[in-house]
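Asker: The structure under discussion is supplied below as structure tokens; questions concerning it will follow.
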Number of protein chains: 2
Amino acid sequence: MKRILSLFTLCLCLICEAFAVVVPSSQKTRLNEGWEFIRQDMGSVWEVMRPVRAGQPEIVPLWTPVTLPHCFNAEDAVDPDVNYYEGAGWYRTYLDLDNPYPDGRILLEFEGAGQRSEVYVYTTKVGSHIGGYDGWKVDITDAVKAFKQTGVYNSRFKGKIPVAVRCDNLRDVETIPSDMSDFNLYGGLYRYVNLVYTPAVSFERVKITPQTDQKGKKGSLDVAVSFYNPQNVTHERTISVTVKDPNGKIVIEKVQKLGCDADLAHGEALLNSGNADVKRCKMNCDVNVTLISTEIKNIFLWDVDNPQLYTCEVTLEVDGQTIQATDRFGFRHFEFIEKGPFMLNGRRVLLRGTHRHEDHAGLSAALTEELMIKEMKMIKDMGANFIRLGHYQQSDIALRLCDELGILAWEEIPWCRGGLGGEQYKTQARRMLTNMIEQHYNHPSIVLWGMGNENDWPGDFESFDKDAIRAFMKELHDLSHKLDDSRLTAIRRCEFCKDIIDVYSPSIWAGWYSRAFKDYREMSDKGFEGATRFFHAEWGGDSHARRHMEGDFATVSNAAKTGDWSESYIVRLFDWHLKEQETMPNLTGSAFWTFKDFSTPLRPENPVPYVNQKGVVERDLTPKESYYVFQSYWAKEPMVHIYGHTWPVRWGEKGEKKEVLVYSNCPEVELFVNGVSQGKKKRNSPDFPAAGLHWDVVYEEGVNTLRAVGIDKKLRIADEIAQEYQTEKWGKESQIVLSHTPLDNDTVLIQAEIRDAAGVRCLDSQAYVEFSLVGNGKLIQNQGTSIGSRKLQAYNGRAYIKAVKNGKITVCAHILSETGIGASEFITIFASE
Amino acid sequence: MKRILSLFTLCLCLICEAFAVVVPSSQKTRLNEGWEFIRQDMGSVWEVMRPVRAGQPEIVPLWTPVTLPHCFNAEDAVDPDVNYYEGAGWYRTYLDLDNPYPDGRILLEFEGAGQRSEVYVYTTKVGSHIGGYDGWKVDITDAVKAFKQTGVYNSRFKGKIPVAVRCDNLRDVETIPSDMSDFNLYGGLYRYVNLVYTPAVSFERVKITPQTDQKGKKGSLDVAVSFYNPQNVTHERTISVTVKDPNGKIVIEKVQKLGCDADLAHGEALLNSGNADVKRCKMNCDVNVTLISTEIKNIFLWDVDNPQLYTCEVTLEVDGQTIQATDRFGFRHFEFIEKGPFMLNGRRVLLRGTHRHEDHAGLSAALTEELMIKEMKMIKDMGANFIRLGHYQQSDIALRLCDELGILAWEEIPWCRGGLGGEQYKTQARRMLTNMIEQHYNHPSIVLWGMGNENDWPGDFESFDKDAIRAFMKELHDLSHKLDDSRLTAIRRCEFCKDIIDVYSPSIWAGWYSRAFKDYREMSDKGFEGATRFFHAEWGGDSHARRHMEGDFATVSNAAKTGDWSESYIVRLFDWHLKEQETMPNLTGSAFWTFKDFSTPLRPENPVPYVNQKGVVERDLTPKESYYVFQSYWAKEPMVHIYGHTWPVRWGEKGEKKEVLVYSNCPEVELFVNGVSQGKKKRNSPDFPAAGLHWDVVYEEGVNTLRAVGIDKKLRIADEIAQEYQTEKWGKESQIVLSHTPLDNDTVLIQAEIRDAAGVRCLDSQAYVEFSLVGNGKLIQNQGTSIGSRKLQAYNGRAYIKAVKNGKITVCAHILSETGIGASEFITIFASE
């Protein structure tokens, strides 16, 4: 039934997409349903395709039904007990094809697949690709035609076309990215796969080059196309271009005819700039043919606060068959002034940036469009206006969202760590840079093309040659400018290459990998001095969501090694940096590392194993406290947030004054404890912490209610939390106590609390806790989150996990010590609970 | 400490082995300890070898300490929920080398590794091998020498030599065996790896060819050697040969000198037959040099009942350095008479055979020598005198045990199923046949070289060419006779090749894959008629250990599909065949499939998932009831065994007569029920079942005691069991009840009993049961046995699993139905129980 529905959808799409699609494409449909997958290599493509008789050897190995996008490593990337799978996997499906274009082409479009792929129609190999992040297409027209001549087409496959894709993410030092990278090299069809029908002649690329002065008074627009014409059709082409302004008003409309001449030398193209004239170009036009090259005035500017987008529709008609490509673009003027600051459309904009990996709880790289929309909106709501898409070309959807939301972008190729490989390695890097620029050229959000990251880090090869790395960096820099001179190049952390590229970020991790966060200004100034155009990419530190500690942390240095990885520390680190950055007039901007916790193979011993916990939201987008610190500095929408929403119990002496922090962008905040006002405070950034919104408060034993009211002129907004206060001291961890809370009919939240021999809660315990379950249900685990890992460090004497129960379940929790399993407890939950 | 000990052991071995070793070898030690393993491919050998700094990316992926022999698939081969791993894995170790021979050679000897291997000294590749079953050696001398010149040898490796081995069992239709085979293609160093020191010149092979007439009156002995001399040493060689008879008496002693002459053409060898003379041969003597070629009289014969072995010691001395090779051999005369029977040393011997895979619970292919000794002794104790080592060359240890125990052998290469591949495929098959014959030539037990199995089975390739298969079969047959004309060739099941080889077995599975077991004689006669020399390999059927059913099963046909897979059925099937075979005067013999249950990727839905349950012992060598059926026909040691040792509860009407079977080789047996004699019966094979030892008995409700006394002249032997009798009828399966029995301090046996709504045991239930455990302990699972699988079919309303408890544990059991999880129950066992 699903297949039938998707066919129906396909037909609708054929009509719809010509009008609705905003990415440069033609008739296409996402092939999400009806796939089977196997996570291993097969002995040959025949093994993938051969008929299976029940009970015979061909039934194995067993395949699993899946939907796309799909990642090999959806679970194992953050399984605490295994290395994530790096190997081959196969996908297969059966396509119902019905190309509306006589003599048209059928393409499979892969928006990105990890990390190497091969595509087969039945047993015929029709294409392959190396590289896990750039998009690519395979033309299956001829193979489909040949397959239709075989006997099995109708007899066994009933008129469907069997298609298989082999992906692998095998370790290989001769491909990028390096396995020394601090992220997983995922495997699978983890971005959308599209079925595309085109006429015999269609567009290969629509290249839109808008230019403007700082104020949008005048500029220019160039639109060029290249064609996809594998059958060498020489018939006359009619091309119409319509450009609409952000209000939908047509500002340019132009129809022209283009003849083809096989006699012209390859690469030549003679074009008209007038309307409806016919000129000649080489028939198989893989060159750019300029359709529009015109001056333009009174421009609607694209800006981070008002990202106004134009639309360009290009329609091609050959022999009565029509195909349309639509894309959006924007006019904006930017400048990285030498020694700063950054200027956008003639005014200084402080780049308030973050980073993004394509990684999510339960999915790893296989993000849906809906999820990307949610994530990018949260980034914008935090107040960011900049993002570094580290460390590879990301989904075109992410860039479209940057365009729509007003987020400037640094996008880069995954040449990171390990050194420099041989010719195959370099060829891949060049190709990925070329593809990234050509595929994402039209996005107004992009201002920087990144060449690499941490290229000073050796390890993948026995030798490490700085001169060779410099030479290759220069080659990439030149290639980038050749392909797109409208953007600058950038890298982070490779001091011996910083003179080669345009914008440089040194490595500054004040308070995390070196020194204390209060040393930030000094460290930053030094980085600033050493670079022609300085940008500060990557700062911050790990925080174990839900871990909160008492203290002021002012003297902590090298916290990665010596710290407690608490949210309490990290909010102060972020706070200090943000406060300082406000006072740096020549700072182009910064991008903290990173928006969302993400999986990494390098960190098996982290509080959540295999998770880089530097995010301000968890791997499932649940905000940590630090998300609100950023909002309090960056966001315009009024907000107020009391620190400690996930800190149910504070501790200290009876009558001791405890610091309460409120993060808010309101000019004034009043705090109430148990209904009693603790006074109003004015927001004042230099008054660290929390920009002056800090109170010393005496808690009562037991439960206390905290309420903060943000005051912005007449506006009043409030936030409220309840916190218990414990004065009882605890001894050695010796018990674990389980309890549970129903979340809905099927789901319960299990809490494990570590206590001493007398039953007192050990509120600072960071012991590892391990959960397991038997019965008719399952743990919601391998999520890489604070409540989605069966093995994790207690936040502070407490750990949670969710479980699905379809019947009776028993959950067990242990304390894990170096010598093995410590205290254990069991809880049985009945189906009716 | 372990490394130091093993070094010490090594020194002892250097002294000991020259005297004690019985395999043709030189100074060697098993490298069992001090290995690390990772089950994935690495990006390069540098990734395997590079230094690791704590907390840096090089720490991952994580390696695991292992001992050899080691198999990738020790657990997952029979994990009910996954396809077994077919991919790459790496091993690494650090060797302390100290070659006692100046200018000698250092070799790594692999007794077999799956399925493709590469060997590295540090980052230098020193050898590779394709094929998972033949032995091979790598000379690491030069690479070690080169490595010692590097800086890291002392600075980082402290004088040790880093060695890595990459193995893979990746699916590949162009290598044998085929993945369509009914066994796993295991990965890993699953046979012993030996470190071997030799002088500059040593033996490549010692070839011993004993011949005799039928009575051992006269025969001949030829001993030839070939040399391993990679440095082309031309100095004079002194070779001594000592041959001892089975009583240790020296029967031949001979010393000769051999000079080397580089001028002689390759392959030429001029030899003396006298004593202490010097002749000349080409210096790099890879030809066989005959040392002894003599007539011999009054031979001690090797026979299945009295396997008398001679010993041959060959000592080589060059430049004062000595190395000795020792091997055993036997004189026996055999004949497969056309149209039968089989003759050994002039008398008819009915070949009573079984089969063997190298596979064991918890280890998969990684069998230790101790385990092989136990297994082969059990085969002999069952009464077998023949074994087909299906379907590949097995460990030399297994052949040595055949020699010692008196078990004739058919050994074969793994060309089975799938079709015929290209040149790489054929090259591998030829090489594996050559290696098998050359490596196992000296074993007197071997009488047949097998070329293949089920070569009529298509599937690995889109086309299937019978003529090409015939041509290749002929080529292998000719190659076998060229390498060893003293044995015959054989295959099983490929009708269109049966004229090519010497001994043929058709496929006859009476009562299992076709017809009823009572049709055996008719089916066998037909097979006999169609073959020049007929042998019946592979018969029997699956039985789920501990499953017993009421009934007489006489009318069951095609039991694989229609039967209940009970032990009750299979003992009758075996019984019938054995009874019939006694009356077939021209039968050479048969080999039932198979001695031991073994893992197979092809049978995920079996009662024990992924286990071929055709064994008469379980995968951990626990005998099923059928083991005793064979003993009752074949063994000489008196035995008596009441059917039903693992059948605690029988059922039926009150007062109904139930058949009790006793398997015994005693002439007479008396049965007692609850102390009351049921009469004596004489053993009489034609009186099916149990050769007349069957009684109809009325059970009392509740527990009954059965006692059988075997009577053989004055000898009395007894067997006793207790069986409950249930007359209560049961309804639909609706409950599962758990109980447990302590086995020792750490281990408990968990029993799950399926009951109806009223609590009556459902004694014929075959529902799938799934166990799981939480707490401080673990299930003993993935064993592929009736009490070692977390998912299995109830035997008859009952299932067991063992668990280790280091503290409190909770075990859960479900009934699994097609719609998911059915009835569940939990049992909590405390540490002190």
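Residues are referred to by chain and number: the chain letter is A, B, ... according to the order shown in the structure tokens, the number counts from 1 in that chain, and ligands are numbered separately from 1 in the order shown.
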Any idea which chain A residues end up within 7 Å of chain B if we count only C-alpha atoms, as a PyMOL selection string please?
Answerer: chain A and resi 40-44+46-47+57+60-62+83+86+170-173+180+460-462+601-602+772-776+812+821
Asker: Any chance you could list, as a ChimeraX atom specification, the residues in range 351-442 of chain A that come up alpha helix (DSSP H) when DSSP is run on the backbone?
Answerer: /A:369-382,396-405,423-440
Asker: List every residue of range 348-546 of chain B that DSSP, applied to the backbone, labels as strand (DSSP E), and write the result as a ChimeraX atom specification.
Answerer: /B:348,351-355,386-389,408-412,416-418,446-458,488-492,503-505,536-537
Asker: Let's have the selection written as a PDB file, in the first residue's frame, with C-alpha atoms.
Answerer:
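Contents of part-v8.pdb, freshly written:
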ATOM      1  CA  ARG B 348      36.211 -56.594   4.774  1.00  0.00           C
ATOM      2  CA  LEU B 351      33.068 -48.198   7.173  1.00  0.00           C
ATOM      3  CA  ARG B 352      31.129 -46.867  10.151  1.00  0.00           C
ATOM      4  CA  GLY B 353      31.470 -43.215   9.631  1.00  0.00           C
ATOM      5  CA  THR B 354      30.471 -39.809  10.743  1.00  0.00           C
ATOM      6  CA  HIS B 355      31.366 -36.238   9.816  1.00  0.00           C
ATOM      7  CA  PHE B 386      35.658 -43.713   9.543  1.00  0.00           C
ATOM      8  CA  ILE B 387      35.226 -39.968   9.292  1.00  0.00           C
ATOM      9  CA  ARG B 388      34.612 -37.586   6.465  1.00  0.00           C
ATOM     10  CA  LEU B 389      36.219 -34.292   7.349  1.00  0.00           C
ATOM     11  CA  LEU B 408      39.974 -43.865   8.443  1.00  0.00           C
ATOM     12  CA  ALA B 409      39.464 -40.481   6.831  1.00  0.00           C
ATOM     13  CA  TRP B 410      38.072 -38.801   3.761  1.00  0.00           C
ATOM     14  CA  GLU B 411      39.437 -35.283   3.647  1.00  0.00           C
ATOM     15  CA  GLU B 412      38.297 -32.768   1.086  1.00  0.00           C
ATOM     16  CA  CYS B 416      30.933 -26.928  -2.366  1.00  0.00           C
ATOM     17  CA  ARG B 417      27.783 -25.425  -3.810  1.00  0.00           C
ATOM     18  CA  GLY B 418      27.302 -22.285  -5.803  1.00  0.00           C
ATOM     19  CA  ILE B 446      43.582 -40.913   5.049  1.00  0.00           C
ATOM     20  CA  VAL B 447      42.187 -43.075   2.254  1.00  0.00           C
ATOM     21  CA  LEU B 448      40.162 -40.604   0.211  1.00  0.00           C
ATOM     22  CA  TRP B 449      40.835 -37.142  -1.106  1.00  0.00           C
ATOM     23  CA  GLY B 450      37.592 -35.284  -1.664  1.00  0.00           C
ATOM     24  CA  MET B 451      37.271 -32.940  -4.614  1.00  0.00           C
ATOM     25  CA  GLY B 452      33.991 -31.313  -3.674  1.00  0.00           C
ATOM     26  CA  ASN B 453      30.471 -31.558  -2.350  1.00  0.00           C
ATOM     27  CA  GLU B 454      27.116 -30.752  -3.922  1.00  0.00           C
ATOM     28  CA  ASN B 455      28.740 -29.282  -6.988  1.00  0.00           C
ATOM     29  CA  ASP B 456      25.401 -29.610  -8.769  1.00  0.00           C
ATOM     30  CA  TRP B 457      23.993 -26.779  -6.621  1.00  0.00           C
ATOM     31  CA  PRO B 458      23.802 -23.455  -8.477  1.00  0.00           C
ATOM     32  CA  LEU B 488      41.402 -42.484  -4.330  1.00  0.00           C
ATOM     33  CA  THR B 489      39.298 -39.439  -5.090  1.00  0.00           C
ATOM     34  CA  ALA B 490      35.719 -38.936  -3.938  1.00  0.00           C
ATOM     35  CA  ILE B 491      32.803 -36.550  -4.059  1.00  0.00           C
ATOM     36  CA  ARG B 492      29.295 -36.477  -2.696  1.00  0.00           C
ATOM     37  CA  VAL B 503      34.332 -43.156  -5.113  1.00  0.00           C
ATOM     38  CA  TYR B 504      30.918 -41.583  -5.252  1.00  0.00           C
ATOM     39  CA  SER B 505      28.197 -40.811  -2.767  1.00  0.00           C
ATOM     40  CA  HIS B 536      26.928 -43.405   1.454  1.00  0.00           C
ATOM     41  CA  ALA B 537      27.972 -40.038   2.890  1.00  0.00           C
TER      42      ALA B 537
END
Asker: Near Gly679 in chain A, within 10 Å and counting only C-alpha atoms, which residues show up once chain neighbours fewer than 5 positions away are dropped, as a ChimeraX atom specification?
Answerer: /A:669-672,695
Asker: Between B:Gln613, B:Asn796, B:Ser832, B:Thr141, which residue has the minimum interatomic distance to Lys596 in chain B, considering only C-alpha atoms?
Answerer: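 Among the listed residues, B:Gln613 lies closest to Lys596 in chain B.
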Asker: Can you tell me, as a ChimeraX atom specification, what residues are no more than 7 Å from range 705-709 of chain A when counting only C-alpha atoms, ignoring any on the same chain fewer than 3 positions away?
Answerer: /A:642,669-674,716-723
Asker: Pick out the residues sitting within 8 Å of Asn194 in chain A, and hand them over as a short mmCIF file (atom, residue, chain, number, x, y, z; two decimals) with all heavy atoms, in the first residue's frame; count only C-alpha atoms, and ignore anything fewer than 5 positions along from it in its own chain.
Answerer:
data_model
loop_
_atom_site.label_atom_id
_atom_site.label_comp_id
_atom_site.auth_asym_id
_atom_site.auth_seq_id
_atom_site.Cartn_x
_atom_site.Cartn_y
_atom_site.Cartn_z
N LYS A 28 11.19 15.78 -9.45
CA LYS A 28 11.83 14.82 -8.56
C LYS A 28 10.92 14.38 -7.43
O LYS A 28 10.00 15.09 -7.04
CB LYS A 28 13.14 15.38 -8.00
CG LYS A 28 12.99 16.46 -6.97
CD LYS A 28 14.29 16.64 -6.20
CE LYS A 28 15.26 17.58 -6.89
NZ LYS A 28 16.41 17.94 -6.04
N THR A 29 11.20 13.16 -6.93
CA THR A 29 10.47 12.68 -5.77
C THR A 29 11.45 11.97 -4.85
O THR A 29 12.39 11.31 -5.29
CB THR A 29 9.33 11.75 -6.18
OG1 THR A 29 8.55 11.46 -5.04
CG2 THR A 29 9.83 10.47 -6.80
N ARG A 30 11.23 12.13 -3.57
CA ARG A 30 12.11 11.47 -2.60
C ARG A 30 11.77 9.98 -2.52
O ARG A 30 10.61 9.62 -2.34
CB ARG A 30 11.93 12.10 -1.21
CG ARG A 30 12.58 13.46 -1.11
CD ARG A 30 12.37 14.08 0.26
NE ARG A 30 13.07 15.35 0.32
CZ ARG A 30 12.85 16.29 1.22
NH1 ARG A 30 11.96 16.10 2.18
NH2 ARG A 30 13.54 17.42 1.21
N LEU A 31 12.78 9.16 -2.61
CA LEU A 31 12.58 7.70 -2.51
C LEU A 31 12.83 7.29 -1.06
O LEU A 31 13.90 6.79 -0.72
CB LEU A 31 13.55 6.99 -3.45
CG LEU A 31 13.38 7.30 -4.94
CD1 LEU A 31 14.51 6.65 -5.74
CD2 LEU A 31 12.03 6.78 -5.43
N LEU A 108 19.05 9.13 -10.58
CA LEU A 108 18.97 9.02 -9.12
C LEU A 108 19.88 10.09 -8.56
O LEU A 108 21.06 10.17 -8.92
CB LEU A 108 19.40 7.64 -8.64
CG LEU A 108 18.48 6.49 -9.07
CD1 LEU A 108 19.05 5.17 -8.56
CD2 LEU A 108 17.07 6.70 -8.55
N GLU A 109 19.30 10.92 -7.71
CA GLU A 109 20.06 12.02 -7.12
C GLU A 109 20.31 11.70 -5.66
O GLU A 109 19.36 11.46 -4.91
CB GLU A 109 19.24 13.31 -7.25
CG GLU A 109 19.94 14.53 -6.71
CD GLU A 109 19.01 15.74 -6.70
OE1 GLU A 109 18.09 15.78 -5.85
OE2 GLU A 109 19.20 16.62 -7.53
N PHE A 110 21.55 11.67 -5.26
CA PHE A 110 21.93 11.39 -3.88
C PHE A 110 22.38 12.70 -3.26
O PHE A 110 23.37 13.29 -3.68
CB PHE A 110 23.05 10.35 -3.84
CG PHE A 110 22.64 9.02 -4.40
CD1 PHE A 110 22.66 8.77 -5.77
CD2 PHE A 110 22.19 8.01 -3.56
CE1 PHE A 110 22.24 7.55 -6.29
CE2 PHE A 110 21.78 6.78 -4.06
CZ PHE A 110 21.81 6.55 -5.44
N GLU A 111 21.66 13.15 -2.24
CA GLU A 111 22.01 14.44 -1.63
C GLU A 111 23.26 14.32 -0.76
O GLU A 111 23.79 15.33 -0.31
CB GLU A 111 20.81 14.97 -0.83
CG GLU A 111 19.62 15.25 -1.73
CD GLU A 111 18.46 15.96 -1.03
OE1 GLU A 111 18.59 16.30 0.16
OE2 GLU A 111 17.43 16.17 -1.68
#
Asker: Between A:Ala757, A:Val201, A:Ile413, A:Val737, single out the one closest to Glu236 in chain A, counting only C-alpha atoms.
Answerer: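 The closest residue to Glu236 in chain A is A:Val201.
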Asker: Determine, counting only C-alpha atoms, which protein, DNA and RNA residues have an atom within 9 Å of an atom of range 689-691 of chain B; residues of the same chain fewer than 4 positions away are not included. Present the result as a list of chain:residue names.
Answerer: B:Val571, B:Arg572, B:Asp575, B:Trp576, B:Lys579, B:Val629, B:Ser632, B:Tyr633, B:Leu661, B:Val662, B:Tyr663, B:Ser664, B:Lys682, B:Arg683, B:Asn684, B:Ser685
Asker: Considering only C-alpha atoms, return as a list in words whatever protein or nucleic-acid residues lie within 8 Å of Gln115 in chain B, sequence-local ones (same chain, fewer than 6 positions apart) excluded.
Answerer: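 After dropping sequence-adjacent residues, the list is Ile130, Gly131, Gly132, Tyr133, Cys167, Asp168, Asn169, Leu170, Leu185, Tyr186, Gly187 and Gly188 of chain B.
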Asker: Store the residues picked out above, limited to C-alpha atoms, as a PDB file, in the first residue's frame.
Answerer:
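Dumped everything to part06.pdb:
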ATOM      1  CA  ILE B 130      44.032 -16.978   0.640  1.00  0.00           C
ATOM      2  CA  GLY B 131      42.136 -19.941   2.028  1.00  0.00           C
ATOM      3  CA  GLY B 132      40.894 -20.697   5.490  1.00  0.00           C
ATOM      4  CA  TYR B 133      41.919 -24.305   5.979  1.00  0.00           C
ATOM      5  CA  CYS B 167      42.306 -11.683   8.496  1.00  0.00           C
ATOM      6  CA  ASP B 168      39.022 -11.374   6.695  1.00  0.00           C
ATOM      7  CA  ASN B 169      36.055 -13.583   5.999  1.00  0.00           C
ATOM      8  CA  LEU B 170      34.375 -11.137   3.648  1.00  0.00           C
ATOM      9  CA  LEU B 185      32.980 -19.219   6.760  1.00  0.00           C
ATOM     10  CA  TYR B 186      34.697 -18.216   9.953  1.00  0.00           C
ATOM     11  CA  GLY B 187      37.191 -15.420  10.365  1.00  0.00           C
ATOM     12  CA  GLY B 188      40.276 -15.220  12.512  1.00  0.00           C
TER      13      GLY B 188
END
